[in-house]
Each structure stands twice: as structure tokens, then as C-alpha cells.
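**Student:** One file: coords-v1.txt (compact mmCIF, C-alpha atoms).
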```
# COMPACT_ATOMS: atom_id res chain seq x y z
CA MET W 914 -4.11 2.15 25.32
CA VAL W 915 -0.70 1.80 26.87
CA GLY W 916 0.29 5.38 27.51
CA LEU W 917 2.84 7.84 26.21
CA LEU W 918 6.10 5.92 26.64
CA PRO W 919 6.58 5.11 22.93
CA TYR W 920 6.15 8.76 21.95
CA ILE W 921 8.54 9.97 24.66
CA LEU W 922 11.15 7.49 23.44
CA ALA W 923 10.57 8.57 19.86
CA ALA W 924 11.03 12.19 20.81
CA LEU W 925 14.33 11.35 22.52
CA GLY W 926 15.52 9.32 19.54
CA LEU W 927 15.51 6.12 21.60
CA ALA W 928 12.76 4.23 19.85
CA SER W 929 15.34 2.22 17.89
CA ALA W 930 15.84 0.23 21.08
CA PHE W 931 12.40 -1.35 20.72
CA PRO W 932 13.52 -4.41 18.69
CA LEU W 933 15.91 -5.37 21.47
CA ILE W 934 13.10 -5.67 24.03
CA PRO W 935 10.85 -8.76 24.06
CA ARG W 936 7.27 -7.89 23.19
CA GLN W 937 3.93 -9.33 24.11
CA ASN W 938 2.59 -12.35 22.18
CA ASN W 939 6.01 -13.38 20.95
CA THR W 940 5.21 -16.55 19.00
CA GLY W 941 8.66 -17.08 17.51
CA THR W 942 7.14 -17.52 14.04
CA GLU W 943 9.57 -16.43 11.34
CA ARG W 944 8.06 -14.22 8.67
CA LYS W 945 9.74 -13.17 5.45
CA LEU W 946 9.31 -9.59 4.26
CA LEU W 947 10.23 -7.66 1.14
CA VAL W 948 11.13 -4.01 1.67
CA SER W 949 12.18 -1.37 -0.84
CA THR W 950 13.66 2.08 -0.61
CA ASN W 951 15.79 4.34 -2.78
CA ASN W 952 18.33 2.23 -4.72
CA LEU W 953 17.55 -0.97 -2.79
CA ILE W 954 15.32 -4.03 -2.59
CA LEU W 955 15.80 -5.56 0.85
CA PRO W 956 14.70 -9.00 2.07
CA PHE W 957 13.92 -8.92 5.80
CA TYR W 958 12.99 -11.50 8.40
CA PHE W 959 10.60 -10.77 11.25
CA LYS W 960 11.11 -13.14 14.18
CA ASP W 961 10.80 -12.85 17.95
CA ASN W 962 9.23 -9.45 17.37
CA THR W 963 12.40 -8.17 15.75
CA PHE W 964 13.15 -6.91 12.25
CA ILE W 965 16.25 -8.66 10.88
CA GLN W 966 17.76 -7.39 7.65
CA SER W 967 19.08 -10.08 5.32
CA GLN W 968 22.51 -9.71 3.76
CA ALA W 969 21.03 -10.61 0.35
CA ASN W 970 20.30 -7.05 -0.72
CA THR W 971 19.73 -5.96 -4.31
CA THR W 972 21.45 -2.64 -4.99
CA LEU W 973 20.05 -0.58 -7.86
CA PRO W 974 21.97 2.69 -8.30
CA GLN W 975 19.82 5.66 -9.32
CA VAL W 976 16.65 3.54 -9.17
CA THR W 977 13.61 4.13 -6.95
CA PRO W 978 11.78 0.77 -6.69
CA SER W 979 8.88 2.19 -4.70
CA TRP W 980 6.44 -0.65 -5.48
CA LEU W 981 6.90 -4.43 -5.76
CA ALA W 982 4.58 -7.18 -7.00
CA LEU W 983 5.32 -10.88 -6.45
CA LYS W 984 4.13 -13.46 -8.97
CA GLU W 985 4.43 -16.75 -7.16
CA PRO W 986 6.61 -18.59 -6.86
CA ASN W 987 9.70 -16.83 -8.17
CA LEU W 988 9.08 -13.63 -10.14
CA LEU W 989 9.25 -10.15 -8.62
CA TYR W 990 8.21 -7.05 -10.56
CA ALA W 991 9.34 -3.56 -9.55
CA VAL W 992 8.79 -0.01 -10.72
CA ASP W 993 11.32 2.77 -11.01
CA GLU W 994 9.20 5.77 -10.23
CA ASN W 995 11.85 8.24 -11.42
CA THR W 996 12.11 6.84 -14.97
CA ASN W 997 9.86 4.95 -17.39
CA ALA W 998 11.27 1.50 -16.53
CA THR W 999 9.41 -1.51 -15.17
CA MET W 1000 11.69 -4.36 -14.07
CA LEU W 1001 11.52 -8.11 -13.48
CA PHE W 1002 13.70 -9.96 -10.97
CA ASN W 1003 14.07 -13.59 -10.02
CA PHE W 1004 13.03 -14.37 -6.46
CA ASP W 1005 14.41 -17.36 -4.53
CA GLU W 1006 11.80 -18.27 -1.94
CA VAL W 1007 14.00 -20.71 -0.02
CA ALA W 1008 17.03 -18.43 0.17
CA HIS W 1009 14.74 -15.40 0.53
CA ALA W 1010 16.79 -13.47 -2.01
CA VAL W 1011 16.17 -11.29 -5.05
CA SER W 1012 18.45 -11.47 -8.09
CA LYS W 1013 21.19 -8.85 -8.01
CA GLU W 1014 20.10 -7.46 -11.37
CA PRO W 1015 16.81 -7.49 -13.26
CA VAL W 1016 16.37 -10.40 -15.66
CA ALA W 1017 14.22 -8.13 -17.82
CA SER W 1018 13.47 -4.43 -18.02
CA ALA W 1019 11.27 -2.49 -20.42
CA ASN W 1020 10.15 1.09 -20.89
CA GLY W 1021 6.59 2.30 -20.59
CA SER W 1022 5.07 5.50 -19.23
CA VAL W 1023 7.18 7.66 -16.95
CA GLY W 1024 6.85 7.58 -13.18
CA THR W 1025 4.97 4.35 -12.52
CA VAL W 1026 4.19 4.14 -8.80
CA SER W 1027 2.15 0.94 -8.32
CA LEU W 1028 1.47 -2.41 -9.99
CA ALA W 1029 -1.48 -4.82 -10.18
CA PHE W 1030 -1.99 -8.22 -11.80
CA ASN W 1031 -5.00 -9.38 -13.76
CA GLN W 1032 -6.83 -12.47 -12.55
CA ASP W 1033 -4.57 -15.12 -14.10
CA LYS W 1034 -1.41 -13.02 -13.77
CA THR W 1035 -0.71 -12.88 -17.48
CA ARG W 1036 -1.10 -9.10 -17.51
CA LEU W 1037 0.45 -6.47 -15.27
CA LEU W 1038 -0.97 -2.96 -14.96
CA GLY W 1039 1.23 -0.05 -13.94
CA ALA W 1040 -0.22 3.25 -12.74
CA SER W 1041 1.87 6.07 -14.19
CA TYR W 1042 1.86 9.14 -11.99
CA GLY W 1043 4.21 11.09 -14.25
CA GLY W 1044 2.58 10.07 -17.51
CA GLY W 1045 -1.08 10.18 -16.50
CA ALA W 1046 -1.67 6.72 -17.94
CA VAL W 1047 -2.05 3.04 -17.14
CA ASP W 1048 0.43 0.69 -18.82
CA VAL W 1049 -0.72 -2.83 -19.70
CA TRP W 1050 2.10 -5.39 -19.85
CA ASP W 1051 2.06 -8.91 -21.24
CA ILE W 1052 3.81 -11.08 -18.63
CA SER W 1053 2.65 -14.46 -19.91
CA SER W 1054 6.30 -15.33 -20.59
CA ASP W 1055 8.20 -15.80 -17.35
CA HIS W 1056 11.20 -13.70 -18.29
CA HIS W 1057 9.87 -10.99 -20.55
CA LEU W 1058 7.91 -7.75 -20.30
CA LYS W 1059 5.99 -6.70 -23.40
CA LEU W 1060 4.05 -3.44 -23.42
CA ILE W 1061 0.62 -4.04 -24.96
CA LYS W 1062 -0.75 -0.51 -24.63
CA SER W 1063 -0.82 2.63 -22.50
CA VAL W 1064 -4.28 3.80 -21.52
CA ALA W 1065 -4.20 7.61 -21.32
CA LEU W 1066 -6.45 9.19 -18.70
CA GLU W 1067 -8.96 11.73 -19.91
CA VAL W 1068 -8.04 15.07 -18.35
CA PRO W 1069 -4.91 17.29 -18.41
CA GLY W 1070 -2.82 17.01 -15.25
CA SER W 1071 -3.84 13.41 -14.59
CA ASN W 1072 -1.63 11.40 -12.23
CA ALA W 1073 -2.61 7.75 -12.07
CA HIS W 1074 -1.58 6.43 -8.66
CA GLN W 1075 -3.15 2.99 -8.49
CA ALA W 1076 -5.05 0.42 -10.56
CA LEU W 1077 -6.97 -2.30 -8.71
CA LEU W 1078 -8.64 -5.43 -10.05
CA ASP W 1079 -12.24 -5.86 -8.91
CA PRO W 1080 -13.46 -9.15 -7.38
CA SER W 1081 -15.11 -10.20 -10.65
CA GLY W 1082 -11.68 -10.38 -12.26
CA ARG W 1083 -12.75 -8.24 -15.22
CA PHE W 1084 -12.65 -4.56 -14.25
CA PHE W 1085 -9.92 -2.30 -12.88
CA VAL W 1086 -10.54 0.88 -10.93
CA VAL W 1087 -7.94 3.63 -11.42
CA ASN W 1088 -7.33 6.41 -8.90
CA ASP W 1089 -6.30 9.65 -10.65
CA LEU W 1090 -4.76 11.85 -7.97
CA GLY W 1091 -4.03 14.83 -10.21
CA GLY W 1092 -7.24 14.70 -12.23
CA HIS W 1093 -9.44 14.15 -9.14
CA LYS W 1094 -11.23 11.30 -10.87
CA ILE W 1095 -11.86 7.58 -10.56
CA TYR W 1096 -11.92 5.50 -13.76
CA ILE W 1097 -13.24 2.04 -14.57
CA ILE W 1098 -11.24 0.05 -17.13
CA ASP W 1099 -12.73 -3.04 -18.80
CA SER W 1100 -10.22 -5.80 -19.56
CA LYS W 1101 -12.65 -7.91 -21.60
CA ASP W 1102 -11.10 -9.44 -24.72
CA ASP W 1103 -7.77 -7.90 -23.69
CA LYS W 1104 -8.99 -4.46 -24.80
CA TYR W 1105 -8.35 -2.52 -21.56
CA GLU W 1106 -10.59 0.44 -22.34
CA ILE W 1107 -11.97 3.18 -20.09
CA ILE W 1108 -15.72 2.69 -19.90
CA SER W 1109 -16.70 5.18 -17.16
CA SER W 1110 -15.30 7.83 -14.84
CA TYR W 1111 -16.35 9.67 -11.68
CA ASP W 1112 -15.32 13.07 -10.36
CA THR W 1113 -14.31 13.03 -6.71
CA PRO W 1114 -15.77 15.83 -4.56
CA ASP W 1115 -13.91 19.03 -3.75
CA GLN W 1116 -10.69 18.25 -5.64
CA THR W 1117 -9.71 15.62 -3.09
CA GLY W 1118 -7.08 13.71 -5.11
CA PRO W 1119 -7.86 9.95 -4.85
CA ARG W 1120 -4.68 7.96 -4.20
CA HIS W 1121 -5.12 4.36 -2.95
CA GLY W 1122 -8.23 2.29 -2.40
CA ALA W 1123 -9.74 -1.15 -1.97
CA TRP W 1124 -12.77 -3.04 -3.20
CA ILE W 1125 -14.97 -4.41 -0.40
CA LYS W 1126 -17.14 -7.49 -0.82
CA SER W 1127 -19.67 -7.15 1.99
CA ALA W 1128 -21.69 -4.38 3.54
CA GLY W 1129 -19.86 -4.60 6.85
CA ALA W 1130 -20.78 -6.02 10.22
CA GLY W 1131 -24.48 -6.53 10.71
CA ASN W 1132 -25.23 -7.00 7.03
CA SER W 1133 -23.43 -10.18 6.02
CA SER W 1134 -21.37 -12.76 7.87
CA SER W 1135 -19.41 -13.69 4.75
CA PRO W 1136 -18.19 -11.69 1.75
CA SER W 1137 -20.10 -11.83 -1.50
CA ASP W 1138 -18.48 -12.75 -4.81
CA LEU W 1139 -18.79 -9.21 -6.16
CA ALA W 1140 -17.85 -5.84 -4.72
CA THR W 1141 -20.47 -4.01 -2.71
CA HIS W 1142 -18.27 -1.02 -1.79
CA TYR W 1143 -15.20 0.83 -2.93
CA ALA W 1144 -13.17 2.84 -0.38
CA VAL W 1145 -10.43 5.27 -1.41
CA VAL W 1146 -8.14 7.57 0.56
CA CYS W 1147 -7.58 11.01 -0.95
CA GLU W 1148 -4.17 12.66 -0.62
CA VAL W 1149 -5.10 16.26 -1.42
CA GLY W 1150 -8.21 16.54 0.75
CA ASN W 1151 -7.24 14.02 3.47
CA ARG W 1152 -10.60 12.31 3.10
CA VAL W 1153 -11.79 8.73 2.90
CA LEU W 1154 -14.52 8.30 0.30
CA LEU W 1155 -16.90 5.35 0.46
CA TYR W 1156 -18.81 4.32 -2.65
CA LYS W 1157 -21.67 1.89 -2.97
CA VAL W 1158 -21.03 -0.43 -5.91
CA GLY W 1159 -24.01 -1.25 -8.10
CA SER W 1160 -24.22 -2.79 -11.55
CA ASP W 1161 -25.46 -1.72 -14.97
CA ASN W 1162 -25.52 -4.77 -17.22
CA GLY W 1163 -22.58 -6.19 -15.30
CA ILE W 1164 -20.55 -2.96 -15.32
CA PRO W 1165 -19.69 -1.51 -11.87
CA VAL W 1166 -21.49 1.71 -10.99
CA LEU W 1167 -20.12 3.83 -8.12
CA THR W 1168 -22.35 5.98 -5.89
CA LEU W 1169 -20.76 8.10 -3.17
CA VAL W 1170 -22.33 7.30 0.22
CA ASP W 1171 -19.83 8.66 2.78
CA ASN W 1172 -16.99 11.18 2.94
CA VAL W 1173 -15.00 11.47 6.19
CA SER W 1174 -11.76 13.03 7.43
CA THR W 1175 -8.72 10.78 7.72
CA PHE W 1176 -7.94 12.29 11.12
CA GLY W 1177 -9.22 11.58 14.60
CA ASP W 1178 -8.98 13.67 17.74
CA ALA W 1179 -5.74 12.02 18.92
CA PHE W 1180 -3.48 13.35 16.15
CA PRO W 1181 -5.02 16.32 14.32
CA PRO W 1182 -2.57 17.84 11.82
CA THR W 1183 -0.47 20.76 12.96
CA THR W 1184 -0.09 21.81 9.33
CA PRO W 1185 -3.28 20.75 7.52
CA GLU W 1186 -2.16 22.62 4.42
CA SER W 1187 0.74 20.17 3.91
CA ALA W 1188 -0.94 16.97 5.12
CA ALA W 1189 -1.14 14.25 2.46
CA ALA W 1190 -2.84 10.94 3.29
CA GLY W 1191 -1.03 7.95 1.82
CA GLU W 1192 -2.27 4.39 2.07
CA LEU W 1193 -5.52 2.50 2.61
CA VAL W 1194 -5.71 -1.18 3.61
CA VAL W 1195 -8.83 -3.29 4.22
CA ALA W 1196 -8.76 -6.47 6.31
CA SER W 1197 -10.25 -9.69 4.95
CA ASN W 1198 -13.24 -9.33 7.29
CA GLN W 1199 -14.25 -6.53 4.88
CA LYS W 1200 -14.84 -4.25 7.86
CA ASP W 1201 -11.58 -2.89 9.29
CA ILE W 1202 -9.99 -0.11 7.24
CA TYR W 1203 -6.58 1.44 7.98
CA VAL W 1204 -5.40 4.78 6.59
CA SER W 1205 -1.99 6.47 6.89
CA ASN W 1206 -1.71 10.21 7.51
CA ARG W 1207 1.50 11.87 6.27
CA ILE W 1208 3.27 15.23 6.46
CA THR W 1209 1.01 16.42 9.27
CA GLY W 1210 3.56 18.70 10.92
CA ASN W 1211 3.31 16.62 14.10
CA GLU W 1212 6.31 14.99 15.76
CA THR W 1213 5.05 11.72 14.32
CA ASP W 1214 2.36 11.06 11.76
CA SER W 1215 -0.49 8.60 12.38
CA ILE W 1216 -2.51 5.59 11.26
CA SER W 1217 -6.30 5.80 11.56
CA HIS W 1218 -8.66 2.84 11.95
CA PHE W 1219 -12.21 2.95 10.58
CA ALA W 1220 -14.99 0.37 10.68
CA LEU W 1221 -17.39 -0.14 7.81
CA GLU W 1222 -20.98 -0.15 9.05
CA ASP W 1223 -23.45 -0.77 6.25
CA TYR W 1224 -22.97 2.32 4.06
CA SER W 1225 -20.96 4.54 6.39
CA LEU W 1226 -17.51 4.72 7.96
CA ARG W 1227 -17.07 4.94 11.72
CA PHE W 1228 -13.82 6.30 13.12
CA VAL W 1229 -12.55 3.80 15.70
CA ASP W 1230 -9.10 4.86 16.88
CA GLN W 1231 -5.69 6.11 15.86
CA VAL W 1232 -2.05 5.33 16.68
CA SER W 1233 1.24 7.10 16.13
CA SER W 1234 3.09 6.03 13.00
CA MET W 1235 6.28 6.15 15.12
CA GLY W 1236 7.92 8.17 12.36
CA THR W 1237 6.91 10.51 9.57
CA LYS W 1238 5.67 10.07 6.01
CA PRO W 1239 4.17 6.56 6.30
CA ARG W 1240 3.88 5.89 2.58
CA MET W 1241 2.79 2.26 2.48
CA MET W 1242 1.54 -0.42 4.86
CA SER W 1243 0.25 -3.97 4.60
CA LEU W 1244 -1.22 -6.71 6.76
CA SER W 1245 0.66 -9.90 7.56
CA ALA W 1246 -0.60 -13.10 5.96
CA ASP W 1247 -2.57 -14.04 9.08
CA GLU W 1248 -3.58 -10.38 9.65
CA SER W 1249 -2.29 -10.40 13.23
CA ILE W 1250 0.27 -7.69 12.39
CA LEU W 1251 0.18 -4.45 10.42
CA PHE W 1252 3.55 -3.61 8.89
CA SER W 1253 4.15 0.06 8.07
CA SER W 1254 6.95 2.06 6.45
CA ASN W 1255 8.06 5.59 7.35
CA GLN W 1256 10.19 7.44 4.81
CA ASN W 1257 11.30 9.98 7.42
CA GLY W 1258 11.65 10.27 11.17
CA THR W 1259 13.35 7.89 13.58
CA ASN W 1260 11.65 4.60 12.80
CA GLY W 1261 11.53 3.28 9.24
CA LEU W 1262 9.74 -0.02 9.75
CA VAL W 1263 7.03 -0.57 12.35
CA ALA W 1264 5.09 -3.70 13.31
CA TYR W 1265 1.79 -3.30 15.17
CA LYS W 1266 -0.12 -6.09 16.85
CA ARG W 1267 -3.67 -6.16 15.46
CA CYS W 1268 -6.57 -7.40 17.57
CA GLN W 1269 -8.40 -9.96 15.44
CA SER W 1270 -11.76 -9.25 17.08
CA SER W 1271 -11.81 -5.45 17.36
CA GLY W 1272 -9.38 -4.68 14.55
CA SER W 1273 -7.58 -2.14 16.73
CA LEU W 1274 -3.81 -1.71 16.62
CA ASP W 1275 -1.80 -1.72 19.83
CA GLU W 1276 -0.45 1.74 20.55
CA GLU W 1277 2.92 0.31 21.53
CA PRO W 1278 4.43 -1.45 18.51
CA LEU W 1279 5.74 -4.98 18.57
CA ALA W 1280 8.96 -3.73 16.98
CA VAL W 1281 10.53 -0.85 15.10
CA TYR W 1282 13.56 -0.62 12.81
CA ASP W 1283 15.58 2.58 12.85
CA ASN W 1284 15.87 4.65 9.70
CA SER W 1285 19.57 5.13 10.41
CA ASN W 1286 20.03 1.57 9.14
CA PHE W 1287 19.07 2.69 5.63
CA PRO W 1288 21.57 4.61 3.44
CA LEU W 1289 21.20 8.37 3.24
CA VAL W 1290 20.24 9.88 -0.11
CA ASP W 1291 21.85 13.26 -0.80
CA GLY W 1292 22.62 13.48 2.90
CA GLN W 1293 18.98 13.04 3.89
CA VAL W 1294 17.08 10.27 5.68
CA ALA W 1295 15.54 7.97 3.08
CA GLY W 1296 13.45 5.36 4.82
CA PRO W 1297 11.48 2.50 3.29
CA MET W 1298 8.71 3.06 0.76
CA PHE W 1299 7.24 -0.44 0.61
CA VAL W 1300 6.85 -3.46 2.92
CA MET W 1301 4.97 -6.72 2.52
CA GLU W 1302 5.09 -10.23 3.94
CA VAL W 1303 5.97 -12.95 1.46
CA PRO W 1304 3.35 -15.72 1.63
CA VAL W 1305 4.58 -19.20 2.50
CA LEU W 1306 4.67 -20.85 -0.90
CA SER W 1307 6.20 -24.23 -0.11
CA LYS W 1308 7.39 -26.40 2.75
CA GLN W 1309 11.06 -25.92 3.39
```
The structure in this file should be written as C-alpha cells.
**Tutor:**
Amino acid sequence: MVGLLPYILAALGLASAFPLIPRQNNTGTERKLLVSTNNLILPFYFKDNTFIQSQANTTLPQVTPSWLALKEPNLLYAVDENTNATMLFNFDEVAHAVSKEPVASANGSVGTVSLAFNQDKTRLLGASYGGGAVDVWDISSDHHLKLIKSVALEVPGSNAHQALLDPSGRFFVVNDLGGHKIYIIDSKDDKYEIISSYDTPDQTGPRHGAWIKSAGAGNSSSPSDLATHYAVVCEVGNRVLLYKVGSDNGIPVLTLVDNVSTFGDAFPPTTPESAAAGELVVASNQKDIYVSNRITGNETDSISHFALEDYSLRFVDQVSSMGTKPRMMSLSADESILFSSNQNGTNGLVAYKRCQSSGSLDEEPLAVYDNSNFPLVDGQVAGPMFVMEVPVLSKQ
């Protein structure tokens, strides 16, 4: 660990100077990122350990594109979580630019907050927080969105927050934050029907998760073809739930095997009653799991690192989020960097060096990008909600 300097700087409002200072392991590799916040989709570059905002911004008045999904090579889907619209944009990989306006937009359930493709990317599933449903879109035509059906969740007060395709390519798991349930949807024959559901313990509010394809270090050196675990972070209870994945005639069966706090000793919440865990990301080694803690009442929120060990989760370490309300995070294509987004606080974008062997994140970030660079909304700080690296799709 490198000490308290980053937190002192953050407290003084000086952390925005970080991008101007060369960082360790500066490879000079240029990475392309897509970032979204209120009213904006923003292409970024990340080079020489510095966030560089492109001038090719897409301005969307009164739109909140809080989740993006890229269909290679040139189609970008976006939600508007404040309405019932799902949008399609053209994406120019070479110019690293998004079309100024959507090329298609269609209405489904209200308040969609995340998107997921089926295996061949002819269907797009949207998790509707406001409507308590999962929308299934036909995207087989490059420039159209056709709503096939909306799958209503089973209990009053349901808030679907995420749908995730399982490794078999057939089933989707749906996290119902408001209904405190996890659903399995079967996509066979394009039916998209709920076939099973599971109550989460103690009204925990499952939000975002990930399928895992091996039983962790010590059990398998390479992932299996099918999921062996499902991990989900719960917003209401600030818990990480770990499920063992079995099979009943080919249908996934979830059995809860571990239930741990999202917090470590380094950053316990000052206000546990308001804390609301946000994101969960699993590295491709199927072992390292990262969870964001939000609205903790601390000067900065935090990111926790867990290791999967057979059928349990071991807390490894924790770093400052360098801001507050870290809504979404993602690993770089080579998994050497974790990119994170803070909606509030000083630093909106943060890049952490990730140790490939231990999985730990450096306490001092490679770079930060100040939230003052993003437009205010109603006079308030409105930092980024989404960040991901664009994979290299062609030689330029």
C-alpha cells in the first residue's frame, strides 16, 4: 500500500492534478473508452496514464444514457433510464465517434437501466427498473429495434436491474432489486419465459452479478464450459451472495453457499443505513471479484476485492473510490486496469493498476478525471455513470 497521499489530496480538492503526473508502468498504449453521463455519451482516450476527452461528444438533452452496449463493429445501444426509450447509435471505430443522434429509437418498459445481448446478438434484453420487467428486442436488422415481448417479474414492487446471459448461451439470470429475487429466463425457441426464481436472504436487494465458470483457485486451472457459480452484489443489504450452480435436466439450479459483507476494515460505512452497493465485476481468471460500495457517508466510497476459493468468498483488500457513488466499473481488455466511475465527489473517472497475479488494485490510481469537467445538472455535480474500454476491432 502506498500511504495516505491520494486521500489527503482528495480531501483538499487537489486530486484532479493526478492526470498531469506521470504514473508507474506507463506503456504509452492508447485505449479507447466510452463514457456516459446525464445528457451525454462521451468518447475518451486513455494514454500515458491520462484520461483525454474527445471532442466528438453526443449531446442528448433530457436523456440519461446510463448504460451502453456495443455490437461490433459499429452499433451502439443505449438506455434512457428516465423514460421508456431504448436507442441505437452508429459507432465509428476509426474516428472513435458516436452518431450525434440515434439512428433508431423505440419504446419499451419504463426505466431500463442495463442491457445484455443473446449469444448471436440478434436479441437485446433490457432490465426495466421502473417497470419491473425485462424487455426482449429483436436487433437482427442493423438499424431497427423491434420489441418482441416484455417479461413481467412475478411480485409487486419488482425492479429488474440486470439480465445476464449464462455461459451456455441459453439462459438469462435476472436480478430483481425491489422484489429481492433472482429469476432464470429460458430463451429456447425465442420464448423468453421465466422458469424458476429464488428469494434472496434478508431482503438484500440483488443488483448486479456475474456467472463464474470455475470453482476458483485450487479447483481448476481453466474455466469450464458451463457456470459453476453465480455471484451477485446486493444494494439494500450491502452483501455479496455466492451461489453454487447445479443442473436439473440442463436447467441451472442455484444454491446459496456464501453471504458476506461488501465492506472491509479499511472503509466501514459511516452511515450504514444509506449505504448502497453498486457494481460487481469478475476477472477472466474466474477468481478475482470487485465490488463498489456507494453512499457510505465516508469522505470517499470504496472498491472491495474478494477472491473465490472453492465455494466461499475471501475478502482480500479495499481501496478508496477516489470519489463518491461509484455506480459502474469495468476491466480493461487486457485486465491490467480497472476503470471506475463516480457520480459525485471530486474525481469522476478513475483508473487503477491491477496486479495480474494477486488481483489487487494499487491504492494510488494511475489517473483520475475531475468531475468539474462534466456539466452540472440542476446546479449539482453529475459525474459519469458508465465506462468501458472499446475492444480493438480492426487494424488502423
**Student:** My list of candidates is W:Ala998, W:Ala1046, W:Leu1066, W:Met1241. Which is closest to Leu1262 in chain W when distances are computed with only C-alpha atoms?
**Tutor:**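 Going through W:Ala998, W:Ala1046, W:Leu1066, W:Met1241 one by one, the smallest distance to Leu1262 in chain W is for W:Met1241.
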**Student:** Could you list, as a CSV table (one decimal) with C-alpha atoms, in the frame of the given file, every residue within 12 Å of Phe1030 in chain W, counting only C-alpha atoms and ignoring same-chain residues fewer than 2 positions away?
**Tutor:**
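Final output, around_13.csv:
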```csv
chain,number,residue,atom,x,y,z
W,981,LEU,CA,6.9,-4.4,-5.8
W,982,ALA,CA,4.6,-7.2,-7.0
W,983,LEU,CA,5.3,-10.9,-6.4
W,984,LYS,CA,4.1,-13.5,-9.0
W,985,GLU,CA,4.4,-16.8,-7.2
W,989,LEU,CA,9.2,-10.2,-8.6
W,990,TYR,CA,8.2,-7.0,-10.6
W,1027,SER,CA,2.2,0.9,-8.3
W,1028,LEU,CA,1.5,-2.4,-10.0
W,1032,GLN,CA,-6.8,-12.5,-12.6
W,1033,ASP,CA,-4.6,-15.1,-14.1
W,1034,LYS,CA,-1.4,-13.0,-13.8
W,1035,THR,CA,-0.7,-12.9,-17.5
W,1036,ARG,CA,-1.1,-9.1,-17.5
W,1037,LEU,CA,0.4,-6.5,-15.3
W,1038,LEU,CA,-1.0,-3.0,-15.0
W,1039,GLY,CA,1.2,0.0,-13.9
W,1040,ALA,CA,-0.2,3.2,-12.7
W,1048,ASP,CA,0.4,0.7,-18.8
W,1049,VAL,CA,-0.7,-2.8,-19.7
W,1050,TRP,CA,2.1,-5.4,-19.8
W,1051,ASP,CA,2.1,-8.9,-21.2
W,1052,ILE,CA,3.8,-11.1,-18.6
W,1053,SER,CA,2.6,-14.5,-19.9
W,1075,GLN,CA,-3.2,3.0,-8.5
W,1076,ALA,CA,-5.0,0.4,-10.6
W,1077,LEU,CA,-7.0,-2.3,-8.7
W,1078,LEU,CA,-8.6,-5.4,-10.0
W,1079,ASP,CA,-12.2,-5.9,-8.9
W,1082,GLY,CA,-11.7,-10.4,-12.3
W,1083,ARG,CA,-12.8,-8.2,-15.2
W,1084,PHE,CA,-12.6,-4.6,-14.2
W,1085,PHE,CA,-9.9,-2.3,-12.9
W,1100,SER,CA,-10.2,-5.8,-19.6
```
**Student:** If you count all atoms listed in the file, which residues fall within 10 Å of Lys945 in chain W, apart from same-chain ones fewer than 6 positions away, as a VMD selection string?
**Tutor:** chain W and resid 956 to 960 964 to 965 967 1006 1009 1245 1301 to 1305
**Student:** Which is closer to Thr977 in chain W than all the others in W:Pro1080, W:Gly1258, W:Pro1015, W:Gly1024, using only C-alpha atoms?
**Tutor:** W:Gly1024
**Student:** When you draw a straight line from CA of Cys1268 in chain W to CA of Leu1251 in chain W, how long is it in Å?
**Tutor:**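 So the answer is 10.3 Å.
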**Student:** If we count all atoms listed in the file and set the cut-off at 7 Å, which residues sit around range 1145-1149 of chain W, ignoring sequence neighbours fewer than 6 positions away in its own chain? Please answer as a list in words.
**Tutor:**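 Returned residues: Thr1117, Gly1118, Pro1119, Arg1120, His1121, Gly1122, Ala1123, Leu1155, Ala1189, Ala1190, Gly1191, Glu1192 and Leu1193 of chain W.
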**Student:** What box, with edges along x, y and z, holds each listed atom of range 1136-1150 of chain W when 3 Å is added on every side, and can you state its centre and edge lengths in Å to one decimal, as AutoDock Vina command-line options?
**Tutor:**
```
--center_x -12.3 --center_y 1.9 --center_z -2.2 --size_x 22.3 --size_y 35.3 --size_z 13.9
```
**Student:** Within 7 Å of Phe1287 in chain W, counting all atoms listed in the file, which residues show up once you throw out same-chain ones fewer than 3 positions away? Write them as a list in words, please.
**Tutor:**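 The neighbour list is Asn1284, Ala1295 and Gly1296 of chain W.
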**Student:** For CA of Gly1236 in chain W and CA of Trp980 in chain W, determine how far apart the two atoms are, in Å to one decimal place.
**Tutor:** 20.0 Å
**Student:** Which neighbours of Ala1144 in chain W fall inside 12 Å, counting only C-alpha atoms, when residues of the same chain fewer than 6 positions from it are skipped, and could you give them as a ChimeraX atom specification?
**Tutor:** /W:1077,1086,1088,1095,1119-1126,1128,1152-1158,1167-1173,1192-1195,1199-1204,1219-1221,1224-1226
**Student:** Between CA of Gly1044 in chain W and CA of Ser1022 in chain W, what is the distance in Å, rounded to a tenth?
**Tutor:**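 So the two atoms, CA of Gly1044 in chain W and CA of Ser1022 in chain W, lie 5.5 Å apart.
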**Student:** I'd like to know which of W:Leu1279, W:Ala1010, W:Val1294, W:Ala1188 is closest to Gln968 in chain W, using all atoms listed in the file.
**Tutor:** W:Ala1010
**Student:** Out of W:Ser1270, W:Gln1231, W:His1074, W:Ile1097, which residue has the shortest atom-to-atom distance to Glu1248 in chain W when counting all atoms listed in the file?
**Tutor:**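 Of all the options, W:Ser1270 lies closest to Glu1248 in chain W.
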**Student:** Smallest atom-to-atom distance to Leu955 in chain W: which of W:Ser1271, W:Asn1286, W:Ser1160, W:Gln1293, using all atoms listed in the file?
**Tutor:**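 Going through W:Ser1271, W:Asn1286, W:Ser1160, W:Gln1293 one by one, the smallest distance to Leu955 in chain W is for W:Asn1286.
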